[in-house]
Amino acid sequence: MKPLPPGSTIGILGGGQLGRMLASAAAELGYHTRVLAPDAESVAAQTASSFTRADYHSRIVLDEMVSAADVVTYEFENISLEPIDYLSTKVPVHPAPAALAIAQDRAAEKTFVGKIGGRTAPWRKVESLAELHAALAEIGAPAILKTLRLGYDGKGQVRITDVTDADAAWDAIGGRPAILEGFVTFTHEFSIILARGRDGAMVSYPPPWNEHVDGVLARSTLPAPAEIAACWTEAAALTGRIADTLDYVGVLACEYFAGAEGPVFNEMAPRVHNSGHWTIEGAVTSQFENHIRAICGLPLGDTGLTAPAVVMDNLIGEQAARWAEILAEPGAHLHLYGKEMRQGRKMGHVTRLAR
């Protein structure tokens, strides 16, 4: 298949900040973008060529996307598989539905990674309170109960510090199907962000050290500490196997724990990722540009660092009100997402490069 020439149209499902930055990257390469999202407030609409506010399940709207777009992608994984499947029968969709199906189900995700040689925390699927008690008897506490679907940024997760907490934890997640995940000993959290082209070519970025506060990414730092560097090769190889096995096209992010025995897989995101926002200024080619390159069949770009050290901080809620102070700081690169201010909401990020 020939590369899509500039002037082609990329359909983007999802109206958040990832879609916003994808649309900006696409515009720089000469592509048009058409965003589809049901949200009244779509920050992606501020940078896209066109925006349609509608439900993802509307066949009329999906058919309009098919007629307008040369390729379709999505900016988040908590979207129903049905419209993705439907679109994929009529227009190229990247990443493919198979990757989305696995990423949406924590049990399927961990089973898949285990089959291709990945190391995960001990876990059990639980669909009832009785199964949760049985799983705790096997895995022990402390542990984390995570809903099977729709959890992100710490949502849909409850920590169980003692087996007596089981009933309250089950109630806290609404008695929904879940997995119980045992704790692992680790020193740092990190991610591997990889781009895979339509021809199977792959590039990956140096791994950032990711620090979370209340389950939300607060900071990504490069270069990563030695403990992460020691896990880099193995984690990158596993991420590559995931991409190859799924015949993946686009940017794939996998989160890991750095352990004494090597990297422990945590979860995958079939999209561009918050822990890769630093790549806009901190890498030769950003994750957003490489995603556009991949899905359009273009050569993948250089993932090397542009500075000896890079730090990306998320701006949560009122932290974004410091925009004037940040802009006055030499070497700081501010990105605001155009959202209405709300406590706990990701409002933007700032990347600092060491010279």
# chains A, B, ... in the order shown; residues from 1 in each chain; ligands from 1

$ select_by_dssp --residues "stretch 103-231 of chain A" --states "strand (DSSP E)" --output "tab-separated table (two decimals) with C-alpha atoms, in the first residue's frame"
chain	number	residue	atom	x	y	z
A	123	TRP	CA	-3.27	-12.03	39.44
A	124	ARG	CA	-6.66	-13.72	39.37
A	125	LYS	CA	-9.87	-12.86	37.56
A	126	VAL	CA	-12.78	-12.40	39.98
A	143	ALA	CA	-3.23	-6.41	46.78
A	144	ILE	CA	-5.14	-4.21	44.34
A	145	LEU	CA	-8.63	-4.90	43.03
A	146	LYS	CA	-9.05	-3.45	39.53
A	147	THR	CA	-12.19	-3.40	37.43
A	157	GLN	CA	-9.01	0.52	41.56
A	158	VAL	CA	-9.13	-0.22	45.28
A	159	ARG	CA	-6.19	-1.18	47.47
A	160	ILE	CA	-6.78	-4.10	49.82
A	178	ALA	CA	-12.34	-7.42	38.10
A	179	ILE	CA	-8.88	-8.78	38.60
A	180	LEU	CA	-7.07	-9.08	41.90
A	181	GLU	CA	-3.42	-8.18	41.46
A	182	GLY	CA	-0.74	-8.96	44.01
A	188	HIS	CA	10.61	2.65	39.80
A	189	GLU	CA	7.78	2.80	37.28
A	190	PHE	CA	8.60	3.39	33.62
A	191	SER	CA	7.14	3.07	30.16
A	192	ILE	CA	8.23	1.92	26.74
A	193	ILE	CA	6.74	3.96	23.92
A	194	LEU	CA	7.10	2.30	20.55
A	195	ALA	CA	5.98	3.18	17.04
A	196	ARG	CA	5.40	0.47	14.46
A	202	MET	CA	9.73	-0.21	14.63
A	203	VAL	CA	11.35	2.54	16.65
A	204	SER	CA	11.14	3.15	20.39
A	209	TRP	CA	10.92	7.30	34.91
A	210	ASN	CA	7.26	7.91	35.70
A	211	GLU	CA	6.14	9.20	39.09
A	212	HIS	CA	2.45	9.05	40.05
A	213	VAL	CA	0.41	10.90	42.66
A	216	VAL	CA	-2.23	9.99	38.13
A	217	LEU	CA	1.04	10.57	36.29
A	218	ALA	CA	2.75	13.61	37.79
A	219	ARG	CA	6.25	13.58	36.27
A	220	SER	CA	8.31	11.80	33.61
A	221	THR	CA	12.11	12.12	33.79
A	222	LEU	CA	14.90	11.22	31.36

$ residues_around --residues "A:Asn266" --least-positions-apart "2" --cutoff "8 Å" --atoms "only C-alpha atoms" --output "list in words"
Thr120, Ala121, Cys254, Glu255, Tyr256, Phe257, Val264 and Met268 of chain A

$ closest_residue --among "A:Gly259, A:Pro223, A:Gly301, A:Pro270" --to "A:Leu353" --atoms "only C-alpha atoms"
A:Pro223

$ residues_around --residues "A:Ala235" --least-positions-apart "3" --cutoff "8 Å" --atoms "only C-alpha atoms" --output "ChimeraX atom specification"
/A:192,231-232,238-239,256,263

$ select_by_dssp --residues "stretch 73-295 of chain A" --states "alpha helix (DSSP H)" --output "ChimeraX atom specification"
/A:81-88,97-103,106-115,129-139,166-172,226-245,279-282,287-295

$ residues_around --residues "A:Leu300" --least-positions-apart "2" --cutoff "9 Å" --atoms "only C-alpha atoms" --output "ChimeraX atom specification"
/A:195-197,201-203,285,289-291,293-294,297-298,302-303
